[in-house]
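Trainee: Dropping a structure here in structure tokens format, bear with me for questions.
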Amino acid sequence: MKACLLRAPAPVAANPLDFTDAATPEPGPGEVLVRVKMCGVCRTDLHVVEGELPPRKSPVIPGHQIVGVVEKLGQGARRFKLGARVGIAWLHHTDRTCEYCRLGMENLCDHPEFTGYTQDGGYAEYAVAPEDFIYGMPERFSDRDAAPLLCAGIIGFRCLRLSGVKRGSRLAFYGFGAAAHVAIQVARYWGVEVYACTRGAKHQQLALQLGAVWAGEAVAEPPAKLDAAIVFAPAGELVPLALKALKKGGALVLGGIHMSPIPSFDYNLLYQERMIRSVANNTRKDGEDFLRMAAEIPIRTQVTMFPLREANRALNNLKSDRINGAAVLDCTQ
Ligand SMILES: [Zn+2]
Ligand SMILES: [Zn+2]
């Protein structure tokens with residue numbers, strides 16, 4: 001099969017992904033082989049490729065927003081039929097036995113496997129995954145529109161849940177890329193008032209089109225005090241700014257897997273029961289709940305397509321803020 005291999009992390013400007021031939025994987029017991037149609041490009045892929053996340057498998061095929069069809073069943077796999085359309089996301093597998101798994105917090109599993117990081121992912125024509133950790137994809141989305149739902153969508157949804165927002169809440173997004181452009185649609189559906197703090201007129205414009213009541217630069221102060229804020233941009237310097245915008249008792253949720261150092265700040269930014277929490281991965285229930293709601297709303301994703309062989313270009317464009325909405329690789333080309 002054709003695949004984009006990362007042999008060693010390097011700056012994306014050096015085009016470190018090698019578009020080459022690789023062995024088509026074989027599904028093991030309980031796994032399925034998926035013919036990849038589309039694979040979304042996530043900021044986490046950038047962190048894998050550039051080495052902000054320490055290498056766990058080498059070489060590795062990145063990509064964890066995979067939409068494809070079941071091509072072959074491993075021994076004992078029976079959840080999906082051949083030809084079923086499925087999604088493979090970041091949480092590839094858990095041990096199911098650690099204290100976190102037993103308490104329903106499998107997103108915090110002590111021995112997790114992650115697609116496109118500790119296991120090969122979807123920047124390829126084929127991928128394998130355990131059948132218990134993949135999703136049936138709602139019919140109403142095309143393959144390309146569905147791809148960004150699988151991480152940007154699910155993680156954004158978990159951030160919204162943990163932010164505690166409800167009807168009438170005021171919420172700001174810091175950074176308005178793939179995750180925020182989906183999360184704003186869920187927030188609007190819930191009757192939440194959304195503010196967007198993000199670099200660049202194009203991202204601000206997209207936020208306004210999707211129903212934000214206000215959009216400004218990432219460092220600008222929203223015109224109202226907020227019940228919650230979600231930081232999607234990997235920039236630690238936004239944390240004190242976002243805290244400053246919160247009401248008493250407000251929640252700040254950090255949605256990224258990696259962030260530059262957070263500068264020190266005065267305790268009074270946090271005092272009055274404001275809180276900060278990060279989001280790590282997601283449970284399968286988050287994924288299932290989100291996909292059901294995404295179809296009900298329905299979420300409309302804005303995607304920029306790249307052929308699989310141009311994955312380096314997609315990552316470079318993501319890094320330099322040139323993607324409006326989400327980037328998706330067409331793995332059939
Ligand atoms: Zn576990
Ligand atoms: Zn992701």
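Ligands are numbered from 1 in the order shown, chains are lettered A, B, ... in the order of the structure tokens, and residues start at 1 in each chain.
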Please find the residues contacting ligand 2 at a distance of at most 8 Å between atoms, with only C-alpha atoms and all ligand atoms counted, and report them as a VMD selection string.
Mentor: chain A and resid 41 to 45 64 to 65 89 to 90 150 to 152 155
Trainee: Next, write the just-selected residues to a file, as an mmCIF file, in the first residue's frame, keeping N, CA, C and O atoms as the atom set.
Mentor:
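Saved file again17.cif follows:
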data_model
loop_
_atom_site.group_PDB
_atom_site.id
_atom_site.type_symbol
_atom_site.label_atom_id
_atom_site.label_comp_id
_atom_site.auth_asym_id
_atom_site.auth_seq_id
_atom_site.Cartn_x
_atom_site.Cartn_y
_atom_site.Cartn_z
ATOM 1 N N VAL A 41 -6.514 15.802 9.243
ATOM 2 C CA VAL A 41 -5.203 16.231 9.740
ATOM 3 C C VAL A 41 -5.446 17.027 11.022
ATOM 4 O O VAL A 41 -6.215 17.987 11.016
ATOM 5 N N CYS A 42 -4.799 16.584 12.096
ATOM 6 C CA CYS A 42 -5.028 17.186 13.411
ATOM 7 C C CYS A 42 -3.748 17.860 13.881
ATOM 8 O O CYS A 42 -2.648 17.459 13.502
ATOM 9 N N ARG A 43 -3.895 18.870 14.746
ATOM 10 C CA ARG A 43 -2.710 19.528 15.299
ATOM 11 C C ARG A 43 -1.819 18.533 16.039
ATOM 12 O O ARG A 43 -0.603 18.677 16.072
ATOM 13 N N THR A 44 -2.426 17.493 16.607
ATOM 14 C CA THR A 44 -1.625 16.471 17.283
ATOM 15 C C THR A 44 -0.672 15.793 16.303
ATOM 16 O O THR A 44 0.444 15.419 16.671
ATOM 17 N N ASP A 45 -1.092 15.639 15.056
ATOM 18 C CA ASP A 45 -0.189 15.051 14.042
ATOM 19 C C ASP A 45 1.066 15.914 13.899
ATOM 20 O O ASP A 45 2.177 15.400 13.731
ATOM 21 N N HIS A 64 -5.197 10.123 12.776
ATOM 22 C CA HIS A 64 -6.138 9.456 13.677
ATOM 23 C C HIS A 64 -7.563 9.982 13.489
ATOM 24 O O HIS A 64 -8.346 9.997 14.427
ATOM 25 N N GLN A 65 -7.889 10.419 12.296
ATOM 26 C CA GLN A 65 -9.286 10.796 11.987
ATOM 27 C C GLN A 65 -9.632 10.090 10.688
ATOM 28 O O GLN A 65 -9.740 10.697 9.639
ATOM 29 N N ALA A 89 -10.445 6.582 15.531
ATOM 30 C CA ALA A 89 -10.047 7.835 16.185
ATOM 31 C C ALA A 89 -8.748 7.632 16.972
ATOM 32 O O ALA A 89 -8.079 6.616 16.847
ATOM 33 N N TRP A 90 -8.417 8.620 17.767
ATOM 34 C CA TRP A 90 -7.125 8.679 18.480
ATOM 35 C C TRP A 90 -6.976 7.541 19.489
ATOM 36 O O TRP A 90 -5.952 6.881 19.562
ATOM 37 N N LEU A 150 -13.847 13.156 13.899
ATOM 38 C CA LEU A 150 -13.305 12.053 14.694
ATOM 39 C C LEU A 150 -12.281 12.459 15.737
ATOM 40 O O LEU A 150 -12.015 11.708 16.659
ATOM 41 N N CYS A 151 -11.670 13.630 15.599
ATOM 42 C CA CYS A 151 -10.850 14.120 16.708
ATOM 43 C C CYS A 151 -11.229 15.544 17.037
ATOM 44 O O CYS A 151 -11.638 15.840 18.150
ATOM 45 N N ALA A 152 -11.105 16.420 16.051
ATOM 46 C CA ALA A 152 -11.493 17.812 16.279
ATOM 47 C C ALA A 152 -12.889 17.844 16.902
ATOM 48 O O ALA A 152 -13.135 18.542 17.888
ATOM 49 N N ILE A 155 -13.006 15.688 20.566
ATOM 50 C CA ILE A 155 -12.262 16.364 21.644
ATOM 51 C C ILE A 155 -12.928 17.706 21.979
ATOM 52 O O ILE A 155 -13.059 18.079 23.148
#
Trainee: What do you get as a tab-separated table (two decimals) with N, CA and C atoms, in the first residue's frame if you pick all residues at most 10 Å from ligand 1, counting only C-alpha atoms and all ligand atoms?
Mentor:
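Result written to part29.tsv:
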chain	number	residue	atom	x	y	z
A	93	HIS	N	-6.74	1.85	21.78
A	93	HIS	CA	-6.93	0.69	22.64
A	93	HIS	C	-6.61	1.08	24.07
A	94	THR	N	-7.23	0.41	25.03
A	94	THR	CA	-6.86	0.59	26.44
A	94	THR	C	-6.69	-0.79	27.07
A	95	ASP	N	-6.10	-0.81	28.28
A	95	ASP	CA	-5.89	-2.13	28.93
A	95	ASP	C	-7.16	-2.67	29.57
A	96	ARG	N	-8.16	-1.82	29.78
A	96	ARG	CA	-9.45	-2.17	30.39
A	96	ARG	C	-9.35	-2.65	31.83
A	97	THR	N	-8.17	-2.66	32.41
A	97	THR	CA	-8.01	-3.23	33.76
A	97	THR	C	-7.48	-2.24	34.77
A	98	CYS	N	-6.89	-1.14	34.33
A	98	CYS	CA	-6.30	-0.20	35.29
A	98	CYS	C	-7.41	0.50	36.07
A	99	GLU	N	-7.04	1.22	37.13
A	99	GLU	CA	-8.08	1.85	37.97
A	99	GLU	C	-8.93	2.83	37.16
A	100	TYR	N	-8.33	3.51	36.18
A	100	TYR	CA	-9.09	4.51	35.41
A	100	TYR	C	-10.11	3.82	34.49
A	101	CYS	N	-9.67	2.77	33.82
A	101	CYS	CA	-10.61	2.03	32.95
A	101	CYS	C	-11.76	1.49	33.78
A	102	ARG	N	-11.45	0.97	34.96
A	102	ARG	CA	-12.51	0.35	35.76
A	102	ARG	C	-13.50	1.39	36.27
A	103	LEU	N	-13.06	2.65	36.38
A	103	LEU	CA	-13.96	3.71	36.87
A	103	LEU	C	-14.63	4.47	35.73
A	104	GLY	N	-14.52	3.96	34.49
A	104	GLY	CA	-15.18	4.63	33.37
A	104	GLY	C	-14.40	5.83	32.85
A	105	MET	N	-13.12	5.91	33.22
A	105	MET	CA	-12.29	7.02	32.73
A	105	MET	C	-11.19	6.48	31.81
A	106	GLU	N	-11.64	5.73	30.79
A	106	GLU	CA	-10.65	5.06	29.94
A	106	GLU	C	-9.78	6.06	29.18
A	107	ASN	N	-10.25	7.30	29.06
A	107	ASN	CA	-9.42	8.32	28.41
A	107	ASN	C	-8.12	8.54	29.17
A	108	LEU	N	-8.10	8.17	30.47
A	108	LEU	CA	-6.90	8.36	31.29
A	108	LEU	C	-6.16	7.04	31.53
A	109	CYS	N	-6.47	6.02	30.75
A	109	CYS	CA	-5.88	4.68	30.92
A	109	CYS	C	-4.36	4.76	31.13
A	110	ASP	N	-3.87	3.88	32.03
A	110	ASP	CA	-2.42	3.83	32.30
A	110	ASP	C	-1.63	3.21	31.16
A	111	HIS	N	-2.26	2.39	30.36
A	111	HIS	CA	-1.54	1.72	29.26
A	111	HIS	C	-2.30	1.87	27.95
A	112	PRO	N	-2.43	3.11	27.48
A	112	PRO	CA	-3.22	3.32	26.26
A	112	PRO	C	-2.38	3.14	25.01
Trainee: Could you list, as a CSV table (one decimal) with all heavy atoms, in the first residue's frame, every residue within 10 Å of segment 56-62 of chain A, counting only C-alpha atoms and ignoring same-chain residues fewer than 3 positions away?
Mentor:
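Heads up, here's the output in selection.csv:
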chain,number,residue,atom,x,y,z
A,3,ALA,N,1.8,4.8,1.7
A,3,ALA,CA,1.6,5.4,3.1
A,3,ALA,C,2.6,6.5,3.2
A,3,ALA,O,3.6,6.6,2.5
A,3,ALA,CB,1.9,4.3,4.1
A,4,CYS,N,2.3,7.4,4.2
A,4,CYS,CA,3.3,8.5,4.6
A,4,CYS,C,4.0,8.0,5.9
A,4,CYS,O,3.3,8.0,6.9
A,4,CYS,CB,2.5,9.8,4.8
A,4,CYS,SG,1.9,10.5,3.3
A,5,LEU,N,5.2,7.7,5.8
A,5,LEU,CA,6.0,7.3,6.9
A,5,LEU,C,6.8,8.4,7.6
A,5,LEU,O,7.4,9.2,6.9
A,5,LEU,CB,7.0,6.2,6.5
A,5,LEU,CG,6.5,4.8,6.1
A,5,LEU,CD1,7.8,3.9,5.9
A,5,LEU,CD2,5.6,4.2,7.2
A,6,LEU,N,6.7,8.4,8.9
A,6,LEU,CA,7.6,9.3,9.6
A,6,LEU,C,8.7,8.5,10.2
A,6,LEU,O,8.5,7.6,11.1
A,6,LEU,CB,6.8,10.0,10.8
A,6,LEU,CG,7.7,10.9,11.7
A,6,LEU,CD1,8.1,12.2,10.9
A,6,LEU,CD2,6.9,11.3,12.9
A,7,ARG,N,9.9,8.7,9.7
A,7,ARG,CA,11.1,7.9,10.2
A,7,ARG,C,11.7,8.5,11.5
A,7,ARG,O,12.1,7.8,12.4
A,7,ARG,CB,12.1,7.7,9.1
A,7,ARG,CG,11.5,6.9,7.9
A,7,ARG,CD,12.6,6.7,6.8
A,7,ARG,NE,11.9,6.5,5.6
A,7,ARG,CZ,11.4,5.3,5.2
A,7,ARG,NH1,11.5,4.3,6.0
A,7,ARG,NH2,10.8,5.2,4.0
A,8,ALA,N,11.7,9.8,11.5
A,8,ALA,CA,12.2,10.5,12.7
A,8,ALA,C,11.6,11.9,12.7
A,8,ALA,O,11.4,12.5,11.7
A,8,ALA,CB,13.7,10.6,12.6
A,9,PRO,N,11.2,12.4,13.9
A,9,PRO,CA,10.6,13.7,14.0
A,9,PRO,C,11.5,14.8,13.4
A,9,PRO,O,12.7,14.7,13.6
A,9,PRO,CB,10.3,13.9,15.5
A,9,PRO,CG,10.4,12.5,16.1
A,9,PRO,CD,11.3,11.7,15.2
A,17,LEU,N,7.6,13.6,6.2
A,17,LEU,CA,6.9,12.4,5.8
A,17,LEU,C,7.3,11.9,4.5
A,17,LEU,O,7.4,12.7,3.5
A,17,LEU,CB,5.4,12.8,5.8
A,17,LEU,CG,4.7,13.1,7.2
A,17,LEU,CD1,3.3,13.4,7.0
A,17,LEU,CD2,4.9,11.9,8.1
A,18,ASP,N,7.5,10.6,4.4
A,18,ASP,CA,8.0,10.0,3.2
A,18,ASP,C,6.8,9.2,2.6
A,18,ASP,O,6.4,8.2,3.2
A,18,ASP,CB,9.2,9.0,3.6
A,18,ASP,CG,9.8,8.4,2.4
A,18,ASP,OD1,9.5,8.9,1.3
A,18,ASP,OD2,10.6,7.5,2.6
A,22,ALA,N,4.5,0.6,1.6
A,22,ALA,CA,4.6,0.0,3.0
A,22,ALA,C,3.8,-1.3,2.9
A,22,ALA,O,2.9,-1.4,2.1
A,22,ALA,CB,4.1,0.9,4.1
A,39,CYS,N,-8.6,10.9,5.7
A,39,CYS,CA,-8.0,11.0,7.0
A,39,CYS,C,-7.8,12.4,7.4
A,39,CYS,O,-7.1,13.2,6.6
A,39,CYS,CB,-6.7,10.2,7.1
A,39,CYS,SG,-6.0,10.2,8.8
A,41,VAL,N,-6.5,15.8,9.2
A,41,VAL,CA,-5.2,16.2,9.7
A,41,VAL,C,-5.4,17.0,11.0
A,41,VAL,O,-6.2,18.0,11.0
A,41,VAL,CB,-4.5,17.1,8.7
A,41,VAL,CG1,-3.2,17.6,9.2
A,41,VAL,CG2,-4.3,16.3,7.4
A,42,CYS,N,-4.8,16.6,12.1
A,42,CYS,CA,-5.0,17.2,13.4
A,42,CYS,C,-3.7,17.9,13.9
A,42,CYS,O,-2.6,17.5,13.5
A,42,CYS,CB,-5.4,16.1,14.4
A,42,CYS,SG,-5.6,16.6,16.1
A,44,THR,N,-2.4,17.5,16.6
A,44,THR,CA,-1.6,16.5,17.3
A,44,THR,C,-0.7,15.8,16.3
A,44,THR,O,0.4,15.4,16.7
A,44,THR,CB,-2.6,15.4,18.0
A,44,THR,OG1,-3.3,16.1,18.9
A,44,THR,CG2,-1.8,14.3,18.6
A,45,ASP,N,-1.1,15.6,15.1
A,45,ASP,CA,-0.2,15.1,14.0
A,45,ASP,C,1.1,15.9,13.9
A,45,ASP,O,2.2,15.4,13.7
A,45,ASP,CB,-0.9,14.9,12.7
A,45,ASP,CG,-2.2,14.1,12.7
A,45,ASP,OD1,-2.3,13.3,13.7
A,45,ASP,OD2,-3.0,14.3,11.8
A,46,LEU,N,0.9,17.2,14.0
A,46,LEU,CA,2.0,18.2,13.9
A,46,LEU,C,2.9,17.9,15.1
A,46,LEU,O,4.1,17.9,14.9
A,46,LEU,CB,1.4,19.6,14.0
A,46,LEU,CG,2.0,20.7,13.3
A,46,LEU,CD1,2.5,20.5,11.9
A,46,LEU,CD2,1.1,21.9,13.3
A,48,VAL,N,3.3,15.1,16.7
A,48,VAL,CA,3.9,13.8,16.5
A,48,VAL,C,5.1,14.0,15.5
A,48,VAL,O,6.2,13.6,15.8
A,48,VAL,CB,3.0,12.8,16.0
A,48,VAL,CG1,3.7,11.5,15.5
A,48,VAL,CG2,1.9,12.4,17.1
A,49,VAL,N,4.8,14.7,14.4
A,49,VAL,CA,5.8,14.8,13.3
A,49,VAL,C,6.9,15.7,13.8
A,49,VAL,O,8.1,15.4,13.5
A,49,VAL,CB,5.1,15.4,12.1
A,49,VAL,CG1,6.1,15.8,11.0
A,49,VAL,CG2,4.1,14.4,11.5
A,53,LEU,N,5.7,15.5,20.9
A,53,LEU,CA,5.4,14.3,21.6
A,53,LEU,C,6.5,13.3,21.4
A,53,LEU,O,6.9,13.1,20.2
A,53,LEU,CB,4.1,13.7,21.1
A,53,LEU,CG,2.8,14.5,21.2
A,53,LEU,CD1,1.6,13.8,20.7
A,53,LEU,CD2,2.6,14.9,22.7
A,65,GLN,N,-7.9,10.4,12.3
A,65,GLN,CA,-9.3,10.8,12.0
A,65,GLN,C,-9.6,10.1,10.7
A,65,GLN,O,-9.7,10.7,9.6
A,65,GLN,CB,-9.4,12.3,11.8
A,65,GLN,CG,-9.0,13.1,13.1
A,65,GLN,CD,-9.3,14.5,13.0
A,65,GLN,OE1,-10.4,15.0,13.4
A,65,GLN,NE2,-8.4,15.4,12.5
A,113,GLU,N,-3.1,2.9,23.9
A,113,GLU,CA,-2.4,2.9,22.6
A,113,GLU,C,-3.2,4.0,21.8
A,113,GLU,O,-4.4,4.2,22.0
A,113,GLU,CB,-2.6,1.6,21.8
A,113,GLU,CG,-2.0,0.4,22.5
A,113,GLU,CD,-0.4,0.4,22.4
A,113,GLU,OE1,0.1,1.1,21.5
A,113,GLU,OE2,0.2,-0.4,23.1
A,114,PHE,N,-2.4,4.8,21.0
A,114,PHE,CA,-3.0,5.9,20.3
A,114,PHE,C,-2.7,5.7,18.8
A,114,PHE,O,-1.6,5.4,18.4
A,114,PHE,CB,-2.4,7.2,20.8
A,114,PHE,CG,-2.7,7.5,22.2
A,114,PHE,CD1,-1.7,7.6,23.1
A,114,PHE,CD2,-4.1,7.7,22.6
A,114,PHE,CE1,-2.0,7.9,24.5
A,114,PHE,CE2,-4.4,7.9,24.0
A,114,PHE,CZ,-3.3,8.1,24.9
A,115,THR,N,-3.8,5.9,18.0
A,115,THR,CA,-3.7,5.7,16.6
A,115,THR,C,-2.8,6.8,16.0
A,115,THR,O,-2.9,8.0,16.3
A,115,THR,CB,-5.1,5.9,15.9
A,115,THR,OG1,-6.0,5.1,16.6
A,115,THR,CG2,-5.1,5.5,14.5
A,116,GLY,N,-1.9,6.4,15.1
A,116,GLY,CA,-1.0,7.4,14.5
A,116,GLY,C,0.1,7.9,15.4
A,116,GLY,O,0.7,9.0,15.1
A,117,TYR,N,0.3,7.2,16.5
A,117,TYR,CA,1.3,7.7,17.4
A,117,TYR,C,2.1,6.4,18.0
A,117,TYR,O,3.2,6.2,17.7
A,117,TYR,CB,0.7,8.5,18.5
A,117,TYR,CG,1.7,9.0,19.6
A,117,TYR,CD1,3.0,9.4,19.2
A,117,TYR,CD2,1.4,9.1,20.9
A,117,TYR,CE1,3.9,9.8,20.2
A,117,TYR,CE2,2.3,9.6,21.9
A,117,TYR,CZ,3.5,9.9,21.5
A,117,TYR,OH,4.4,10.3,22.5
A,118,THR,N,1.3,5.6,18.8
A,118,THR,CA,1.9,4.4,19.3
A,118,THR,C,1.6,3.2,18.3
A,118,THR,O,2.2,2.2,18.4
A,118,THR,CB,1.5,4.0,20.7
A,118,THR,OG1,0.1,3.6,20.6
A,118,THR,CG2,1.6,5.2,21.6
A,119,GLN,N,0.6,3.4,17.5
A,119,GLN,CA,0.2,2.5,16.4
A,119,GLN,C,0.1,3.2,15.1
A,119,GLN,O,-0.2,4.4,15.1
A,119,GLN,CB,-1.1,1.8,16.8
A,119,GLN,CG,-1.2,1.1,18.1
A,119,GLN,CD,-0.4,-0.3,18.0
A,119,GLN,OE1,-0.4,-0.9,16.9
A,119,GLN,NE2,0.2,-0.7,19.1
A,120,ASP,N,0.3,2.5,14.0
A,120,ASP,CA,0.2,3.2,12.7
A,120,ASP,C,-1.2,3.7,12.5
A,120,ASP,O,-2.2,3.1,12.9
A,120,ASP,CB,0.5,2.2,11.6
A,120,ASP,CG,2.0,2.0,11.5
A,120,ASP,OD1,2.8,2.9,11.9
A,120,ASP,OD2,2.4,0.9,11.0
A,121,GLY,N,-1.3,4.9,11.8
A,121,GLY,CA,-2.6,5.5,11.6
A,121,GLY,C,-3.0,5.6,10.2
A,121,GLY,O,-2.7,4.7,9.4
A,122,GLY,N,-3.7,6.6,9.8
A,122,GLY,CA,-4.4,6.7,8.6
A,122,GLY,C,-3.9,7.5,7.4
A,122,GLY,O,-4.6,7.7,6.4
A,123,TYR,N,-2.6,8.0,7.5
A,123,TYR,CA,-2.0,8.6,6.4
A,123,TYR,C,-1.5,7.5,5.4
A,123,TYR,O,-0.3,7.3,5.2
A,123,TYR,CB,-0.8,9.5,6.8
A,123,TYR,CG,-1.1,10.8,7.5
A,123,TYR,CD1,-2.3,11.0,8.1
A,123,TYR,CD2,-0.1,11.8,7.6
A,123,TYR,CE1,-2.6,12.2,8.7
A,123,TYR,CE2,-0.4,13.0,8.2
A,123,TYR,CZ,-1.6,13.2,8.8
A,123,TYR,OH,-1.8,14.4,9.4
A,124,ALA,N,-2.5,6.7,5.0
A,124,ALA,CA,-2.1,5.4,4.3
A,124,ALA,C,-3.4,4.9,3.6
A,124,ALA,O,-4.5,5.4,3.8
A,124,ALA,CB,-1.6,4.4,5.3
A,127,ALA,N,-5.5,0.7,7.2
A,127,ALA,CA,-5.2,0.8,8.7
A,127,ALA,C,-5.9,-0.3,9.4
A,127,ALA,O,-7.0,-0.7,9.0
A,127,ALA,CB,-5.6,2.2,9.2
A,311,ALA,N,0.7,15.1,2.2
A,311,ALA,CA,0.5,15.3,3.6
A,311,ALA,C,1.5,16.4,4.2
A,311,ALA,O,1.1,17.1,5.1
A,311,ALA,CB,0.7,14.0,4.3
Trainee: So that I can check the secondary structure, give me every residue of segment 69-116 of chain A assigned strand (DSSP E or B) by backbone DSSP, as number ranges by chain.
Mentor: A: 69-73, 85-88, 91-93, 113-115
Trainee: Pick the closest to Ala295 of chain A from A:Asp321, A:Glu31, A:Asp145, A:Glu52: which is it, counting only C-alpha atoms?
Mentor: A:Asp145
Trainee: Please provide the set of residues having any atom within 9 Å of Gly74 of chain A, restricted to only C-alpha atoms, with same-chain residues fewer than 5 positions apart removed, written as a ChimeraX atom specification.
Mentor: /A:26-33
Trainee: Need the shell around Gly236 of chain A: protein/DNA/RNA residues with any atom at most 10 Å away, counting only C-alpha atoms. Skip same-chain ones fewer than 5 positions apart. Format as a ChimeraX atom specification?
Mentor: /A:231,241,254,258-263
Trainee: Take the residues from that selection and put them in a file with N, CA and C atoms, as an mmCIF file, in the first residue's frame.
Mentor:
data_model
loop_
_atom_site.group_PDB
_atom_site.id
_atom_site.type_symbol
_atom_site.label_atom_id
_atom_site.label_comp_id
_atom_site.auth_asym_id
_atom_site.auth_seq_id
_atom_site.Cartn_x
_atom_site.Cartn_y
_atom_site.Cartn_z
ATOM 1 N N VAL A 231 -9.311 26.850 25.469
ATOM 2 C CA VAL A 231 -8.120 27.216 24.699
ATOM 3 C C VAL A 231 -7.746 26.029 23.806
ATOM 4 N N LEU A 241 -4.562 35.358 29.937
ATOM 5 C CA LEU A 241 -5.541 36.223 29.249
ATOM 6 C C LEU A 241 -6.944 35.647 29.356
ATOM 7 N N LEU A 254 -8.384 23.517 28.798
ATOM 8 C CA LEU A 254 -7.266 23.504 27.844
ATOM 9 C C LEU A 254 -7.399 22.253 26.989
ATOM 10 N N HIS A 258 -0.535 19.363 23.753
ATOM 11 C CA HIS A 258 0.764 20.001 23.981
ATOM 12 C C HIS A 258 0.537 21.500 24.028
ATOM 13 N N MET A 259 1.289 22.192 24.895
ATOM 14 C CA MET A 259 1.151 23.638 24.987
ATOM 15 C C MET A 259 2.506 24.224 25.347
ATOM 16 N N SER A 260 2.808 25.397 24.823
ATOM 17 C CA SER A 260 4.046 26.053 25.224
ATOM 18 C C SER A 260 3.907 26.443 26.697
ATOM 19 N N PRO A 261 5.028 26.735 27.391
ATOM 20 C CA PRO A 261 4.943 26.993 28.836
ATOM 21 C C PRO A 261 3.953 28.117 29.159
ATOM 22 N N ILE A 262 3.281 27.934 30.288
ATOM 23 C CA ILE A 262 2.310 28.929 30.756
ATOM 24 C C ILE A 262 3.068 29.925 31.632
ATOM 25 N N PRO A 263 2.999 31.211 31.307
ATOM 26 C CA PRO A 263 3.715 32.182 32.144
ATOM 27 C C PRO A 263 3.085 32.260 33.535
#
Trainee: Which of segment 75-254 of chain A end up as helix (DSSP H, G or I) when DSSP is run on this backbone - answer as a PyMOL selection string?
Mentor: chain A and resi 99-102+106-108+131-133+143-150+152-163+178-189+201-209+238-244
Trainee: Excluding Thr24 of chain A and residues on its chain fewer than 5 positions from it, collect all residues at most 9 Å away from it, counting only C-alpha atoms, and give them as a tab-separated table (two decimals) with N, CA and C atoms, in the first residue's frame.
Mentor:
chain	number	residue	atom	x	y	z
A	1	MET	N	0.85	-1.19	0.00
A	1	MET	CA	0.00	0.00	0.00
A	1	MET	C	0.88	1.24	0.00
A	2	LYS	N	0.28	2.36	-0.37
A	2	LYS	CA	0.97	3.64	-0.25
A	2	LYS	C	0.73	4.19	1.16
A	125	GLU	N	-3.22	3.92	2.74
A	125	GLU	CA	-4.39	3.34	2.06
A	125	GLU	C	-5.15	2.35	2.95
A	126	TYR	N	-4.46	1.80	3.97
A	126	TYR	CA	-5.10	0.84	4.88
A	126	TYR	C	-4.65	1.09	6.31
A	127	ALA	N	-5.53	0.73	7.24
A	127	ALA	CA	-5.18	0.81	8.66
A	127	ALA	C	-5.91	-0.30	9.39
Trainee: Just want the 8 Å neighbourhood of segment 190-200 of chain A, counted on only C-alpha atoms, with same-chain residues fewer than 6 positions away dropped. Output as a list of chain:residue names.
Mentor: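 Here the answer would be A:Val165, A:Lys166, A:Arg167, A:Gly168, A:Ser169, A:Arg170, A:Leu171, A:Ala172, A:Phe173, A:Tyr174, A:Gly175, A:Phe176, A:Ile184, A:Ala207, A:Gly211, A:Ala212, A:Val213, A:Trp214, A:Ala215, A:Gly216, A:Glu217, A:Ala218, A:Val219, A:Ala220, A:Pro222.
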Trainee: Write out the residues from the selection above, keeping C-alpha atoms, as a tab-separated table (two decimals), in the first residue's frame.
Mentor:
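Just written: result_9.tsv:
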chain	number	residue	atom	x	y	z
A	165	VAL	CA	-21.68	25.48	29.76
A	166	LYS	CA	-25.46	25.44	29.47
A	167	ARG	CA	-28.19	27.44	27.77
A	168	GLY	CA	-27.43	31.15	28.12
A	169	SER	CA	-23.77	30.66	29.14
A	170	ARG	CA	-21.10	32.85	27.61
A	171	LEU	CA	-18.17	30.90	26.22
A	172	ALA	CA	-14.97	31.95	24.42
A	173	PHE	CA	-12.79	29.88	22.14
A	174	TYR	CA	-9.10	30.77	22.00
A	175	GLY	CA	-7.93	29.59	18.59
A	176	PHE	CA	-10.49	28.93	15.90
A	184	ILE	CA	-19.19	26.30	18.06
A	207	ALA	CA	-16.42	32.22	13.63
A	211	GLY	CA	-22.78	32.25	14.85
A	212	ALA	CA	-20.21	33.82	17.19
A	213	VAL	CA	-21.56	37.08	18.66
A	214	TRP	CA	-18.05	38.58	18.62
A	215	ALA	CA	-14.66	37.75	17.13
A	216	GLY	CA	-11.32	39.43	17.79
A	217	GLU	CA	-7.60	38.77	18.01
A	218	ALA	CA	-6.38	36.01	20.35
A	219	VAL	CA	-5.03	38.64	22.76
A	220	ALA	CA	-8.11	40.88	22.60
A	222	PRO	CA	-13.98	39.80	24.82
Trainee: From the set A:Ala183, A:Leu308, A:Leu160, A:Ala178, which residue has the shortest atom-to-atom contact distance to Val253 of chain A, counting only C-alpha atoms?
Mentor: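 So, comparing all the options, the nearest one is A:Leu160.
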Trainee: So which one's closest to Tyr135 of chain A, A:Gly68, A:Pro223, A:Gly156, A:Pro240? Using only C-alpha atoms, please.
Mentor: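 Ranking A:Gly68, A:Pro223, A:Gly156, A:Pro240 by distance to Tyr135 of chain A, first place goes to A:Gly68.
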Trainee: Which residue is closest to Arg188 of chain A? Choose from A:Leu318, A:Pro298, A:Arg78, A:Asp143 and count only C-alpha atoms.
Mentor: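 Smallest separation from Arg188 of chain A among the options: A:Pro298.
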Trainee: Please report the interatomic distance between atom CA of Asp286 of chain A and atom CA of Pro148 of chain A in Å with one decimal.
Mentor: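 Distance between the two atoms: 15.1 Å.
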